[in-house]
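One structure is given here, and the rest of the page talks about it.
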Amino acid sequence: MKHLLSIADLSREEILQILETAVSMHEVQHRDVKKLPTLRGRTIINFFFEDSTRTRSSFELAGKWLSADTINLTGKGTSVSKGESLRDTVKTIDAMGVDMMIIRHMASGAPAQIAQWTKCSIVNAGDGMHEHPSQALLDAYTMRQRLGDLEGMHVALVGDLTHSRVFRSNVLCLAKLGARVTLVGPPTLMPAGIGPWAQAEDITISHDLDAVLPTVDAVMMLRVQRERMSGGFFPTAREYAVTYGLTNERLSLLPDHAVICHPGPMNRGLEISGDAADAAQSLVLDQVSAGVAVRMSILYHLLSGEGSAA
Amino acid sequence: MSADRPTNTSPLLITGADLAGAGTGDLLVVDGRIAGAGPDAADQVPEGAQRYDADGLVALPGLVDVHTHLREPGREDAETIETGSRAAAAGGYTAVLAMANTTPVTDTAESAERIWDLGQRAGYVDVHPVGAVSKQLAGEELAELGLMARSRARVRVFSDDGKCVHDARLMRRALEYVRAFDGVISQHSQDPSLAGATACCHEGELSGRLGLPGWPGVAEESIVARDVMLARHTGSRVHVAHVSTAGSVEVLRWAKAQGIDVTAEVTPHHLLLTTDLLTSYDTVFKVNPPLRPQEDVEALRAALADGTIDIVATDHAPHVRQDKEHAFIDAAFGMLGLETALSVVSTVMVAEGRMSWADVARTMSTDPARIARLTDQGQGLTVGAPANLTLVDPDRKVVVDAARSKSLSRNNPWHGRELTGGIHLTMLRGRVTAREGLVWGAGA
């Protein structure tokens, strides 16, 4: 395993390996001295072409706690507007002899293209509307902490699916772990071609959140960007919240054991109510905490190969 | 090595070729014109005539491409009129139409004449400028269509290609206006509200999975439907550029049955390449309109064979390497096509039995010339016609090598593919412009 570009590239066994290593990494996170020598002398560039707070700091901490040298680079705007091709930009950094680039880019597919152009390891930290594999892995980790093995579990992904890379990685990851997936949202926010896609992978589609909630083991609320309203995807925030939001009223529809996930940042009052976000069933902060451990595990598996870490 | 620029205009007898599917015969070329064709041509051979053995080859009237981008003026680093002309000659063409989306835009008589003159100076093919429909391709006011028509360049085809004339009122006025000089509007059918500037992947399961902005077929079909109704209303002639979907074919079939004056083109790439090539985000396959699924490809092949789609046009779109080396949504649209078009059509349509060589002559020479109102191109292999012709080796296996292109650019989606059928020789008004991949003056 050299790159992490898409969950599709990982086998079920590789996913489980990453999640298991993350357990020991998670213990490190709670020590006073959070430092393992594992990646000493290795250099990791966090190359973020798009703004990010939690993903970038999470990857940066993961690298530092494994003793790698990490540098953050930001590149706003498209390479077209700067007059340098993306290929030239990343080859320049690659030529300095780094071991890994962690790429966040607003364009779908950019990390996969960069992996073709460079020699170092590439981690996709979110590319456009395509994928966010480390997020799906940390989501799986967090759900497994509460629910155990996800085989046969029912997970609903709710909200803006069409623009969501979190959804695309999760749908792949959950399938590999044996979970049953239902997608809920207005037809305008379902991805193109979802019909044949859902059929091929046995995914259920629903526009009725009330009917789905009592049957789930986990519900993942996806962020709805307010600018989607001007795109005509739905009429008003109010209508969206009433129809597809995890409101206080809907909390009672969830089975007692079911958990609530949200990749953040949350729009309280739109896709998730304040009470739902803060409920005992909510894993929102656990997700953030697991994020560092899972990313430590990813870096470990990509850069140091097999064996025990902690 | 390079072929010498031929100055020899002595009579030439081409023997034993299949004359555009009409059976084996000879062609006598004298003073740049066809002086004899068929079994009797050899009877009239003048003293001192040279002979050219074309046994096993197919003779076609010189190919005509109504849709190329030659990038001059403005992006001479990607292609010039001269290099694009060489690529055209190597691909069997004797005339090409150069789209107006250059910098500056071809929207005046002066800019149109300049392109015509540069094409004549290069001398490989006749380069006919396409005039812009709207000033600066802005889609707001008509460009000087009449002055371009009256110019030395005798512009008859007008297009904002790259952009759709989406304003219905402007499209209506343009259709009406060009009737005065028998012009035609070639429409890039893309409703910008359904497929905006970032739309770059056929909207369907794959675009959903890849997270690429979708370009739905209906964005093309709704404009095609509107335009055929405008053509019916105005009684004018409309041409649909690069048809890419089965739905557009249905609309065209209906419109033709009504007697509406509509013609349409399909590109070689839409006849063979499919959307699944985008899976690896390889920008060489980024083109507008996008590659479609196999069912659309099948519909386009059937439509070309049955005449619903009239002609093949390349949409040859050279780009320098760095303009393709961006993230997929940021990379330039377009792919090379002039040198491979005949081979692709031969492979997909002729070798697989969908069309005859007579159909190839019709769809790649005669009808393109008729649509563009070119008077001395696409005349067929008839006595008295200018000796614009292409000799094709129908059985040759061609493995496309992007590095050997005559184009300045290398965005070649066919690289490494084996195709059946290749250009043996191209002749413009009796002069050989290309032979066996060598273009005179251009090197190997």
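We label chains A, B, ... in the order they appear in the structure tokens, count residues from 1 in each chain, and number ligands from 1 in the order shown.
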
Residues of chain B within 7 Å of chain A, counting only C-alpha atoms, what are they? List them as a ChimeraX atom specification. /B:203-205,207-208,210-212,281,322,325-330

Saved selection, atoms kept: N, CA and C atoms, as a PDB file, in the first residue's frame:
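part.pdb written:
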ATOM      1  N   GLU B 203     -23.129  13.133 -17.389  1.00  0.00           N
ATOM      2  CA  GLU B 203     -23.848  12.968 -16.129  1.00  0.00           C
ATOM      3  C   GLU B 203     -24.471  11.583 -16.072  1.00  0.00           C
ATOM      4  N   GLY B 204     -24.041  10.809 -15.112  1.00  0.00           N
ATOM      5  CA  GLY B 204     -24.528   9.444 -14.974  1.00  0.00           C
ATOM      6  C   GLY B 204     -23.836   8.798 -13.799  1.00  0.00           C
ATOM      7  N   GLU B 205     -23.905   7.501 -13.758  1.00  0.00           N
ATOM      8  CA  GLU B 205     -23.349   6.801 -12.604  1.00  0.00           C
ATOM      9  C   GLU B 205     -21.871   7.145 -12.390  1.00  0.00           C
ATOM     10  N   SER B 207     -20.101   9.891 -13.299  1.00  0.00           N
ATOM     11  CA  SER B 207     -19.878  11.241 -12.767  1.00  0.00           C
ATOM     12  C   SER B 207     -20.262  11.276 -11.300  1.00  0.00           C
ATOM     13  N   GLY B 208     -21.314  10.526 -10.946  1.00  0.00           N
ATOM     14  CA  GLY B 208     -21.722  10.447  -9.546  1.00  0.00           C
ATOM     15  C   GLY B 208     -20.631   9.841  -8.687  1.00  0.00           C
ATOM     16  N   LEU B 210     -17.335   9.547  -9.481  1.00  0.00           N
ATOM     17  CA  LEU B 210     -16.068  10.291  -9.534  1.00  0.00           C
ATOM     18  C   LEU B 210     -16.185  11.670  -8.893  1.00  0.00           C
ATOM     19  N   GLY B 211     -17.413  12.108  -8.648  1.00  0.00           N
ATOM     20  CA  GLY B 211     -17.592  13.440  -8.082  1.00  0.00           C
ATOM     21  C   GLY B 211     -17.241  14.540  -9.057  1.00  0.00           C
ATOM     22  N   LEU B 212     -17.421  14.271 -10.345  1.00  0.00           N
ATOM     23  CA  LEU B 212     -17.154  15.308 -11.353  1.00  0.00           C
ATOM     24  C   LEU B 212     -18.468  15.970 -11.748  1.00  0.00           C
ATOM     25  N   TYR B 281      -9.243   9.833 -14.330  1.00  0.00           N
ATOM     26  CA  TYR B 281      -9.089  11.294 -14.384  1.00  0.00           C
ATOM     27  C   TYR B 281      -8.003  11.715 -15.379  1.00  0.00           C
ATOM     28  N   GLN B 322       0.978  21.767 -20.861  1.00  0.00           N
ATOM     29  CA  GLN B 322       0.665  22.275 -19.519  1.00  0.00           C
ATOM     30  C   GLN B 322      -0.810  22.633 -19.352  1.00  0.00           C
ATOM     31  N   GLU B 325      -2.348  19.642 -17.921  1.00  0.00           N
ATOM     32  CA  GLU B 325      -1.760  19.094 -16.699  1.00  0.00           C
ATOM     33  C   GLU B 325      -2.245  19.810 -15.450  1.00  0.00           C
ATOM     34  N   HIS B 326      -3.544  20.076 -15.472  1.00  0.00           N
ATOM     35  CA  HIS B 326      -4.202  20.616 -14.292  1.00  0.00           C
ATOM     36  C   HIS B 326      -5.121  19.540 -13.725  1.00  0.00           C
ATOM     37  N   ALA B 327      -5.725  19.871 -12.568  1.00  0.00           N
ATOM     38  CA  ALA B 327      -6.776  18.990 -12.052  1.00  0.00           C
ATOM     39  C   ALA B 327      -7.840  18.839 -13.137  1.00  0.00           C
ATOM     40  N   PHE B 328      -8.555  17.725 -13.124  1.00  0.00           N
ATOM     41  CA  PHE B 328      -9.447  17.403 -14.242  1.00  0.00           C
ATOM     42  C   PHE B 328     -10.421  18.532 -14.552  1.00  0.00           C
ATOM     43  N   ILE B 329     -11.061  19.094 -13.515  1.00  0.00           N
ATOM     44  CA  ILE B 329     -12.067  20.128 -13.821  1.00  0.00           C
ATOM     45  C   ILE B 329     -11.420  21.413 -14.335  1.00  0.00           C
ATOM     46  N   ASP B 330     -10.127  21.592 -14.084  1.00  0.00           N
ATOM     47  CA  ASP B 330      -9.454  22.811 -14.521  1.00  0.00           C
ATOM     48  C   ASP B 330      -8.757  22.650 -15.872  1.00  0.00           C
TER      49      ASP B 330
END

Give me the residues within 8 Å of Asn411 in chain B as a list in words, counting only C-alpha atoms and dropping any in the same chain fewer than 6 places off. Val284, Pro318, His319, Val320, Arg321, Lys324, Gly334, Met335, Leu336 and Ala402 of chain B

Resulting file, chosen residues, N, CA and C atoms, as a PDB file, in the first residue's frame:
ATOM      1  N   VAL B 284      -6.515  13.733 -21.045  1.00  0.00           N
ATOM      2  CA  VAL B 284      -6.497  13.627 -22.505  1.00  0.00           C
ATOM      3  C   VAL B 284      -7.901  13.271 -23.010  1.00  0.00           C
ATOM      4  N   PRO B 318      -6.174  21.167 -30.544  1.00  0.00           N
ATOM      5  CA  PRO B 318      -4.837  21.030 -29.959  1.00  0.00           C
ATOM      6  C   PRO B 318      -4.682  21.860 -28.679  1.00  0.00           C
ATOM      7  N   HIS B 319      -3.936  21.311 -27.747  1.00  0.00           N
ATOM      8  CA  HIS B 319      -3.599  22.046 -26.525  1.00  0.00           C
ATOM      9  C   HIS B 319      -2.161  21.746 -26.140  1.00  0.00           C
ATOM     10  N   VAL B 320      -1.459  22.756 -25.644  1.00  0.00           N
ATOM     11  CA  VAL B 320      -0.102  22.515 -25.140  1.00  0.00           C
ATOM     12  C   VAL B 320      -0.190  21.651 -23.890  1.00  0.00           C
ATOM     13  N   ARG B 321       0.921  20.986 -23.592  1.00  0.00           N
ATOM     14  CA  ARG B 321       0.923  19.992 -22.528  1.00  0.00           C
ATOM     15  C   ARG B 321       0.452  20.578 -21.199  1.00  0.00           C
ATOM     16  N   LYS B 324      -3.171  20.816 -20.202  1.00  0.00           N
ATOM     17  CA  LYS B 324      -3.864  19.567 -19.861  1.00  0.00           C
ATOM     18  C   LYS B 324      -3.382  19.014 -18.522  1.00  0.00           C
ATOM     19  N   GLY B 334     -10.716  19.191 -25.019  1.00  0.00           N
ATOM     20  CA  GLY B 334     -10.425  18.964 -26.434  1.00  0.00           C
ATOM     21  C   GLY B 334      -9.331  17.953 -26.694  1.00  0.00           C
ATOM     22  N   MET B 335      -9.358  17.400 -27.902  1.00  0.00           N
ATOM     23  CA  MET B 335      -8.401  16.372 -28.306  1.00  0.00           C
ATOM     24  C   MET B 335      -8.093  16.498 -29.796  1.00  0.00           C
ATOM     25  N   LEU B 336      -6.934  15.977 -30.177  1.00  0.00           N
ATOM     26  CA  LEU B 336      -6.554  16.008 -31.581  1.00  0.00           C
ATOM     27  C   LEU B 336      -7.454  15.064 -32.382  1.00  0.00           C
ATOM     28  N   ALA B 402       1.522   9.270 -30.851  1.00  0.00           N
ATOM     29  CA  ALA B 402       1.315  10.708 -30.654  1.00  0.00           C
ATOM     30  C   ALA B 402       2.574  11.497 -31.018  1.00  0.00           C
TER      31      ALA B 402
END

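Across B:Gly214, B:Gly235, B:Pro386, B:Gly38, the tightest approach to Gly21 in chain B is made by B:Gly38 when counting only C-alpha atoms.
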
If DSSP is run on the backbone, what residues of range 110-200 of chain B are strand (DSSP E)? A reply as a VMD selection string would be ideal. chain B and resid 126 to 129 157 to 158 184 to 187

Near Ser11 in chain A, within 10 Å and counting only C-alpha atoms, which residues show up once chain neighbours fewer than 5 positions away are dropped, as a PyMOL selection string? chain A and resi 16-17+173+176-177

Which residues are close to range 248-256 of chain A, i.e. within 9 Å by only C-alpha atoms, leaving aside same-chain residues fewer than 6 positions away? Reply as a ChimeraX atom specification. /A:209-211,213-219,272-276,279,281

Let's see if you can do this: from backbone DSSP, list all alpha helix (DSSP H) residues in range 177-292 of chain A, as JSON, numbers by chain. {"A": [194, 195, 196, 197, 198, 199, 200, 201, 209, 210, 211, 212, 227, 228, 229, 230, 237, 238, 239, 240, 241, 242, 243, 244, 248, 249, 250, 251, 274, 275, 276, 277, 278, 284, 285, 286, 287, 288, 289, 290, 291, 292]}

Dump N, CA and C atoms for the selected residues as a compact mmCIF listing (two decimals), in the first residue's frame?
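Printed below is out_1.txt as written:
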# COMPACT_ATOMS: atom_id res chain seq x y z
N ILE A 194 -27.56 7.67 -9.39
CA ILE A 194 -27.63 6.91 -8.13
C ILE A 194 -28.47 5.64 -8.30
N GLY A 195 -29.41 5.67 -9.26
CA GLY A 195 -30.27 4.50 -9.48
C GLY A 195 -29.47 3.23 -9.76
N PRO A 196 -28.73 3.21 -10.88
CA PRO A 196 -27.93 2.02 -11.19
C PRO A 196 -26.84 1.74 -10.16
N TRP A 197 -26.30 2.80 -9.61
CA TRP A 197 -25.25 2.66 -8.60
C TRP A 197 -25.82 1.93 -7.37
N ALA A 198 -26.96 2.40 -6.88
CA ALA A 198 -27.57 1.80 -5.71
C ALA A 198 -27.94 0.35 -5.99
N GLN A 199 -28.41 0.11 -7.20
CA GLN A 199 -28.81 -1.25 -7.55
C GLN A 199 -27.60 -2.18 -7.55
N ALA A 200 -26.48 -1.67 -8.11
CA ALA A 200 -25.27 -2.49 -8.21
C ALA A 200 -24.75 -2.86 -6.83
N GLU A 201 -24.95 -1.99 -5.85
CA GLU A 201 -24.32 -2.22 -4.55
C GLU A 201 -25.33 -2.40 -3.43
N LEU A 209 -37.21 10.35 6.09
CA LEU A 209 -36.31 10.14 7.22
C LEU A 209 -37.04 9.50 8.40
N ASP A 210 -38.29 9.89 8.61
CA ASP A 210 -39.05 9.35 9.75
C ASP A 210 -39.20 7.84 9.65
N ALA A 211 -39.33 7.34 8.44
CA ALA A 211 -39.50 5.90 8.27
C ALA A 211 -38.18 5.16 8.46
N VAL A 212 -37.08 5.83 8.16
CA VAL A 212 -35.77 5.17 8.21
C VAL A 212 -35.21 5.13 9.64
N GLU A 227 -25.10 27.67 0.62
CA GLU A 227 -25.13 28.16 -0.76
C GLU A 227 -25.89 27.22 -1.69
N ARG A 228 -26.18 26.00 -1.22
CA ARG A 228 -26.95 25.09 -2.07
C ARG A 228 -28.36 25.63 -2.31
N MET A 229 -28.83 26.49 -1.38
CA MET A 229 -30.17 27.04 -1.57
C MET A 229 -30.22 27.91 -2.81
N SER A 230 -29.18 28.73 -3.01
CA SER A 230 -29.18 29.59 -4.20
C SER A 230 -29.06 28.75 -5.47
N ALA A 237 -34.11 26.88 4.11
CA ALA A 237 -33.48 26.15 5.20
C ALA A 237 -34.55 25.55 6.10
N ARG A 238 -35.63 26.30 6.29
CA ARG A 238 -36.70 25.83 7.16
C ARG A 238 -37.29 24.53 6.62
N GLU A 239 -37.59 24.55 5.32
CA GLU A 239 -38.18 23.34 4.73
C GLU A 239 -37.21 22.17 4.82
N TYR A 240 -35.92 22.47 4.60
CA TYR A 240 -34.93 21.39 4.67
C TYR A 240 -34.89 20.78 6.07
N ALA A 241 -34.81 21.66 7.09
CA ALA A 241 -34.69 21.19 8.47
C ALA A 241 -35.90 20.35 8.85
N VAL A 242 -37.08 20.80 8.45
CA VAL A 242 -38.30 20.08 8.80
C VAL A 242 -38.34 18.72 8.10
N THR A 243 -37.85 18.67 6.87
CA THR A 243 -38.00 17.45 6.08
C THR A 243 -36.85 16.46 6.30
N TYR A 244 -35.62 16.98 6.34
CA TYR A 244 -34.46 16.08 6.36
C TYR A 244 -33.52 16.31 7.54
N ASN A 248 -35.11 17.72 17.16
CA ASN A 248 -35.34 17.18 18.51
C ASN A 248 -36.43 16.11 18.48
N GLU A 249 -37.49 16.37 17.72
CA GLU A 249 -38.59 15.41 17.65
C GLU A 249 -38.11 14.08 17.10
N ARG A 250 -37.24 14.16 16.09
CA ARG A 250 -36.80 12.91 15.44
C ARG A 250 -35.87 12.09 16.33
N LEU A 251 -35.23 12.75 17.29
CA LEU A 251 -34.33 12.01 18.19
C LEU A 251 -35.04 10.81 18.82
N GLY A 274 -29.40 21.31 17.89
CA GLY A 274 -28.41 21.42 18.95
C GLY A 274 -28.49 20.24 19.91
N ASP A 275 -29.71 19.86 20.26
CA ASP A 275 -29.88 18.75 21.20
C ASP A 275 -29.36 17.45 20.62
N ALA A 276 -29.59 17.25 19.34
CA ALA A 276 -29.13 16.01 18.70
C ALA A 276 -27.60 15.98 18.67
N ALA A 277 -27.01 17.13 18.37
CA ALA A 277 -25.55 17.19 18.29
C ALA A 277 -24.91 16.89 19.65
N ASP A 278 -25.59 17.30 20.71
CA ASP A 278 -25.02 17.14 22.05
C ASP A 278 -25.57 15.93 22.80
N VAL A 284 -20.01 12.93 17.78
CA VAL A 284 -19.32 13.97 17.03
C VAL A 284 -17.91 14.23 17.55
N LEU A 285 -17.76 14.36 18.89
CA LEU A 285 -16.41 14.63 19.41
C LEU A 285 -15.53 13.38 19.41
N ASP A 286 -16.18 12.22 19.58
CA ASP A 286 -15.40 10.97 19.47
C ASP A 286 -14.79 10.84 18.07
N GLN A 287 -15.55 11.29 17.08
CA GLN A 287 -15.03 11.24 15.71
C GLN A 287 -13.75 12.07 15.60
N VAL A 288 -13.79 13.26 16.17
CA VAL A 288 -12.62 14.14 16.08
C VAL A 288 -11.43 13.50 16.79
N SER A 289 -11.69 12.95 17.97
CA SER A 289 -10.62 12.32 18.74
C SER A 289 -10.04 11.12 17.99
N ALA A 290 -10.93 10.30 17.43
CA ALA A 290 -10.47 9.13 16.68
C ALA A 290 -9.72 9.54 15.42
N GLY A 291 -10.04 10.73 14.92
CA GLY A 291 -9.43 11.19 13.68
C GLY A 291 -7.91 11.16 13.74
N VAL A 292 -7.36 11.64 14.85
CA VAL A 292 -5.90 11.67 14.96
C VAL A 292 -5.33 10.25 14.99

Env of range 60-63 of chain A: 10 Å cut, atoms = only C-alpha atoms, seq-sep filter 6 positions within chain, self excluded. Answer as a PyMOL selection string. chain A and resi 25+29+34-36+38-40+42-46+54+69-72+102+291-300

Restricting the output to N, CA and C atoms, write the selected residues as a short mmCIF file (atom, residue, chain, number, x, y, z; two decimals), in the first residue's frame.
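So the final result, stored in again-v9.cif, reads:
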data_model
loop_
_atom_site.label_atom_id
_atom_site.label_comp_id
_atom_site.auth_asym_id
_atom_site.auth_seq_id
_atom_site.Cartn_x
_atom_site.Cartn_y
_atom_site.Cartn_z
N MET A 25 -2.81 3.34 18.57
CA MET A 25 -2.46 4.76 18.43
C MET A 25 -3.33 5.62 19.35
N GLN A 29 -2.46 8.62 22.30
CA GLN A 29 -3.08 9.94 22.34
C GLN A 29 -3.45 10.35 23.76
N LYS A 34 3.07 12.25 24.12
CA LYS A 34 2.42 11.68 22.94
C LYS A 34 3.42 11.60 21.81
N LYS A 35 4.37 10.74 21.92
CA LYS A 35 5.37 10.72 20.86
C LYS A 35 5.88 9.31 20.65
N LEU A 36 5.79 8.85 19.41
CA LEU A 36 6.39 7.57 19.06
C LEU A 36 7.50 7.84 18.06
N THR A 38 8.32 6.18 15.55
CA THR A 38 8.10 5.36 14.36
C THR A 38 8.54 6.00 13.04
N LEU A 39 8.20 7.27 12.84
CA LEU A 39 8.47 7.89 11.54
C LEU A 39 9.59 8.94 11.65
N ARG A 40 10.48 8.74 12.60
CA ARG A 40 11.59 9.68 12.74
C ARG A 40 12.39 9.73 11.43
N ARG A 42 11.33 10.84 8.62
CA ARG A 42 10.47 10.88 7.44
C ARG A 42 9.84 12.26 7.32
N THR A 43 9.61 12.68 6.09
CA THR A 43 9.08 14.03 5.86
C THR A 43 7.71 13.97 5.19
N ILE A 44 6.79 14.66 5.81
CA ILE A 44 5.42 14.67 5.31
C ILE A 44 5.01 16.11 5.02
N ILE A 45 4.49 16.32 3.82
CA ILE A 45 3.96 17.65 3.48
C ILE A 45 2.44 17.60 3.52
N ASN A 46 1.85 18.46 4.33
CA ASN A 46 0.40 18.65 4.27
C ASN A 46 0.13 19.72 3.22
N ARG A 54 -9.96 21.08 10.73
CA ARG A 54 -9.81 19.85 11.51
C ARG A 54 -8.99 18.80 10.78
N ASP A 69 8.80 14.70 10.30
CA ASP A 69 8.89 16.14 10.08
C ASP A 69 7.74 16.53 9.17
N THR A 70 6.91 17.44 9.64
CA THR A 70 5.75 17.82 8.85
C THR A 70 5.78 19.30 8.52
N ILE A 71 5.39 19.59 7.33
CA ILE A 71 5.32 20.98 6.87
C ILE A 71 3.94 21.20 6.27
N ASN A 72 3.36 22.34 6.54
CA ASN A 72 2.06 22.68 5.95
C ASN A 72 2.24 23.65 4.80
N ILE A 102 0.21 14.85 1.75
CA ILE A 102 -1.19 14.69 2.12
C ILE A 102 -1.94 15.82 1.41
N GLY A 291 -10.04 10.73 14.92
CA GLY A 291 -9.43 11.19 13.68
C GLY A 291 -7.91 11.16 13.74
N VAL A 292 -7.36 11.64 14.85
CA VAL A 292 -5.90 11.67 14.96
C VAL A 292 -5.33 10.25 14.99
N ALA A 293 -5.97 9.38 15.77
CA ALA A 293 -5.47 8.00 15.90
C ALA A 293 -5.53 7.26 14.57
N VAL A 294 -6.65 7.43 13.88
CA VAL A 294 -6.80 6.74 12.59
C VAL A 294 -5.79 7.28 11.59
N ARG A 295 -5.54 8.57 11.63
CA ARG A 295 -4.57 9.14 10.68
C ARG A 295 -3.15 8.71 11.04
N MET A 296 -2.86 8.58 12.35
CA MET A 296 -1.55 8.02 12.73
C MET A 296 -1.40 6.62 12.14
N SER A 297 -2.47 5.86 12.23
CA SER A 297 -2.43 4.50 11.70
C SER A 297 -2.21 4.50 10.18
N ILE A 298 -2.88 5.41 9.49
CA ILE A 298 -2.72 5.50 8.03
C ILE A 298 -1.28 5.83 7.67
N LEU A 299 -0.73 6.84 8.35
CA LEU A 299 0.66 7.23 8.06
C LEU A 299 1.61 6.08 8.35
N TYR A 300 1.34 5.41 9.46
CA TYR A 300 2.18 4.28 9.83
C TYR A 300 2.15 3.19 8.76
#
